[in-house]
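Colleague: Dumping the structure here so I can ask a few things about it.
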Amino acid sequence: MKLIANLAAFDLEAIEELGIAGLLLMENAGRAVASAVCQWVRQNEPMNRELNVVVLCGPGNNGGDGFACARHLTMLAGQGAFAPYHIHSRVLSVNDLDDYTGDAATNAALLAHYPVRVLASPAIELLEKCVAEADVIVDGLFGSGLNRAIDEELADWVAAVNRAVARSNVPVVAIDMPSGIDARTGQVHGCAVNATVTVTLQAGKPGLYLYPGRACAGMVQTVDIGLPPKLFNPSDLARHAPGEPLVQLVTSAMVAKTLPSRSADSHKYAYGNAMVIGGCPTMPGAPLMSARAAFVAGCGYVRLAAPVSAMAQMQLPAEVVTLPLGDEAHDAAQAVGHGTVVPADIERIRPIMGQADVIVLGPGLGRSEPVQQFVESMTALLLQEYKGLVVLDADGLNALSQLQTPFPLNHRFVLTPHVGEAARLLKTTSSAVKADMIKAASALAQLYRCTVVLKSSSTVIAGQRLSETGQAQIEVWINPTGDSGMATAGSGDVLTGLIAGLLAQMANGESMLSPADMTGAVAAITYLHGLAGQHASAELTPYAVTATELLRFFPHALKQTLPMPTAPVPFNAAVDPMPGGGSVPVCPTVQRLSC
């Protein structure tokens with residue numbers, strides 16, 4: 001689903017070039033929000049109840065949407081499905097009604113013809129009283145165009161709303177965005193409304209899915225206000241300003257369409273070959289979790305290359321093929337590395353690396369000088385001689401960040417940094433990365449010319465997309481799944497292995513994946529990783545989730561996303577002819593879905 005930070009440019013195009021009246025767009029927005037309020041009431045309030053709805057209207061067009069909403073509430077209440085409810089609307093506007101201009105002024109004037117009580121520029125004491133008495137509050141103070149800190153007077157309005165929510169759990173329906181949230185980054189401009197429901201207009205906004213905005217948005221509902229769908233076609237790169245990324249939300253439909261099908265007539269090599277290179281005596285579990293995750297994602301064959309000293313501490317699954325690094329011939333070098341990989345180990349990997357469709361480099365390698373040299377030399381080798389896909393993670397990224405000049409990678413590579421690692425790669429601070437996750441992920445994708453998974457409470461995936469004319473555009477996906485239970489050691493190692501497992505299946509026996517295919521596949525598996533975390537938290541509580549539990553619950557995420565057979569076909573089901581006649585059952589297989 002395509003996300004738009006600010007609809008202003010699209011509104012202008014619809015009005016000036018397509019001849020759609022702005023007043024119609026505002027009317028549609030007001031009606032949609034009013035309908036959402038009534039739906040919430042119907043689902044959560046007893047019938048035949050008198051309900052007070054307070055609509056807060058800000059100084060711009062978002063206030064105009066609020067005026068239209070209040071008017072439509074009076075028309076919807078008591079009619080059709082909402083007949084059992086008696087809704088009384090009260091408008092509290094920041095400005096005097098005469099101060100509004102354009103379409104907002106028209107909607108402000110229309111209120112005089114409807115049973116809506118209006119309080120313009122009320123004193124803070126009256127505002128506090130009104131919101132305290134409200135059964136529902138509609139937040140129409142600021143929309144997606146806010147790009148500055150809220151001033152002190154309106155900060156008092158926001159604080160009053162939040163006190164009502166905290167004191168009486170009053171539901172808040174926000175128009176387009178919770179007031180105070182930056183629609184592009186999800187950051188808070190001084191203070192922000194805590195919404196129960198956000199009715200976002202025409203298209204989702206990135207800030208609704210990026211923390212802290214995501215925490216303020218509540219349930220997000222996207223409504224159509226009449227803008228032509230062609231304005232939001234993701235393939236139309238010409239509608240994006242140069243340098244601005246195409247931002248989309250990962251959805252279950254997109255994931256189902258992306259995952260490869262599995263045939264009943266297949267073997268292990270049909271589903272790809274992955275190699276994980278990592279491990280040291282103090283972190284033997286990291287590469288092991290990545291290797292196990294590659295299998296769980298569907299990869300047919302996985303090899304784990306790790307130092308002997310690290311491998312000795314692993315409880316290796318029977319499925320994993322091993323490549324011990326360091327033997328008698330390398331004892332001296334291993335001693336220098338204190339049991340870590342060293343540059344000499346590359347000669348053990350080089351002869352067989354061509355067998356792998358995907359190579360993972362980094363989990364648990366450590367940060368010694370020999371490791372730094374190993375990663376530099378191995379990365380150069382992967383660029384020059386290896387034709388498959390590469391996932392650089394953890395200490396592989398730390399080694400990369402130590403270089404004075406960034407490695408010129410390409411779209412065969414995937415980087416999976418968390419915020420701290422991204423800050424080191426970009427030579428900036430973690431706070432700067434968190435302040436604009438889309439900008440940081442896009443910058444890394446441009447700098448290294450590859451796909452980037454920027455991991456945090458909000459995970460952002462960035463890569464390149466090419467138009468039919470060859471025009472390059474940064475494409476960004478925001479992952480909406482995951483929860484606090486995933487804030488645990490090893491969660492990133494599991495994601496790395498899942499990425500490798502999926503890419504191995506998609507690249508196996510095929511021509512090289514396009515940049516857009518790479519980015520989309522990584523976004524899809526990230527969605528499933530987060531969904532597995534949600535399933536784990538639902539059963540175990542977020543307190544008890546560990547990284548290995550993510551592997552146990554990953555099949556639940558797959559079942560939720562793909563149509564899976566609910567019961568095994570009997571062993572003799574395909575015997576023909578069947579006793580008593582009838583057709584022969586066919587063993588079901590998972591097929592690629594179309595959206």
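Ordered as shown in the structure tokens, chains take letters A, B, and onward, while each chain numbers its residues from 1 and ligands are numbered from 1 in the order shown.
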May I have the residues within 6 Å of Leu389 in chain A as number ranges by chain, using only C-alpha atoms and disregarding those fewer than 4 positions away in the same chain?

Modeller: A: 358, 412-413

Colleague: If DSSP is run on the backbone, what residues of range 449-487 of chain A are strand (DSSP E or B)? A reply as an MDAnalysis selection string would be ideal.

Modeller: chainID A and resid 451:455 459:466 472:479

Colleague: What is the CA of Ser89 in chain A-CA of Pro122 in chain A distance in Å, reported with one decimal?

Modeller: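 For CA of Ser89 in chain A relative to CA of Pro122 in chain A, the distance reads 16.0 Å.
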
Colleague: Counting only C-alpha atoms, which residues in range 90-185 of chain A sit no more than 12 Å from range 424-447 of chain A? For each one, give the nearest pair of atoms and the distance in Å, sorted by chain then residue number, as a tab-separated table.

Modeller:
```
residue	atom	partner	partner_atom	distance
A:Asp182	CA	A:Asp436	CA	10.3
A:Ala183	CA	A:Asp436	CA	11.2
A:Arg184	CA	A:Asp436	CA	8.3
A:Thr185	CA	A:Asp436	CA	5.4
```

Colleague: Using only C-alpha atoms, find the one residue out of A:Leu249, A:Val460, A:Leu111, A:Val53 that sits nearest to Val170 in chain A.

Modeller: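 Nearest candidate to Val170 in chain A out of A:Leu249, A:Val460, A:Leu111, A:Val53: A:Val53.
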
Colleague: Nearest residue to Leu3 in chain A out of A:Val390, A:Ala203, A:Asp135, A:Ile225, using only C-alpha atoms?

Modeller: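 For Leu3 in chain A, the nearest of the given residues is A:Ala203.
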
Colleague: Hey, what does DSSP flag as helix (DSSP H, G or I) within range 154-301 of chain A? Can you give it to me as a ChimeraX atom specification?

Modeller: /A:154-168,206-208,213-217,229-232,237-239,252-258,268-271,285-296

Colleague: For Arg552 in chain A, which of A:Ile150, A:Val296, A:Ala14, A:Leu316 is the closest residue, counting only C-alpha atoms?

Modeller: A:Val296

Colleague: For Ala394 in chain A, list every protein, DNA or RNA residue within 7 Å, evaluated using only C-alpha atoms, and leave out those in the same chain fewer than 3 positions away; present the list as a PyMOL selection string.

Modeller: chain A and resi 362-363+397-398+417

Colleague: Between A:Val91, A:Val55, A:Leu495, A:Ala36, which one has atoms that come closest to Gln221 in chain A, using only C-alpha atoms?

Modeller: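 Of A:Val91, A:Val55, A:Leu495, A:Ala36, the one nearest Gln221 in chain A is A:Ala36, counting only C-alpha atoms.
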
Colleague: Tell me, as a list in words, which residues lie within 6 Å of range 478-486 of chain A, counting only C-alpha atoms; anything in the same chain fewer than 2 positions away does not count.

Modeller: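 Here the qualifying residues turn out to be Leu249, Val250, Thr459, Val460, Thr488, Tyr527, Gly530, Leu531, Gly533, Gln534, Ser537, Pro542 and Val545 of chain A.
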
Colleague: Determine, counting only C-alpha atoms, which protein, DNA and RNA residues have an atom within 8 Å of an atom of Gly63 in chain A; residues of the same chain fewer than 4 positions away are not included. Present the result as a count of residues only.

Modeller: 10

Colleague: Near Ala286 in chain A, within 8 Å and counting only C-alpha atoms, which residues show up once chain neighbours fewer than 6 positions away are dropped, as a list in words?

Modeller: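 Neighbouring residues, sequence-local ones excluded: Gly278, Gly279, Pro363, Gly364, Gly490 and Asp493 of chain A.
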
Colleague: Which residue, A:Val453, A:Ala34, A:Ala500, A:Met254, has the smallest gap to Val199 in chain A when you use only C-alpha atoms?

Modeller: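 Distance minimum relative to Val199 in chain A lands on A:Ala34.
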
Colleague: Quick one: residues within 6 Å of range 39-50 of chain A, only C-alpha atoms counted, chain neighbours fewer than 3 positions away excluded, as a list of chain:residue names?

Modeller: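 So, after excluding close chain neighbours, the residues are A:Ala36, A:Pro84, A:Tyr85, A:His86.
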
Colleague: Ranking A:Leu361, A:Ala297, A:Val94, A:Val116 by minimum distance to Leu154 in chain A and counting only C-alpha atoms, which one comes first?

Modeller: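 Among the listed residues, the smallest separation from Leu154 in chain A belongs to A:Val94.
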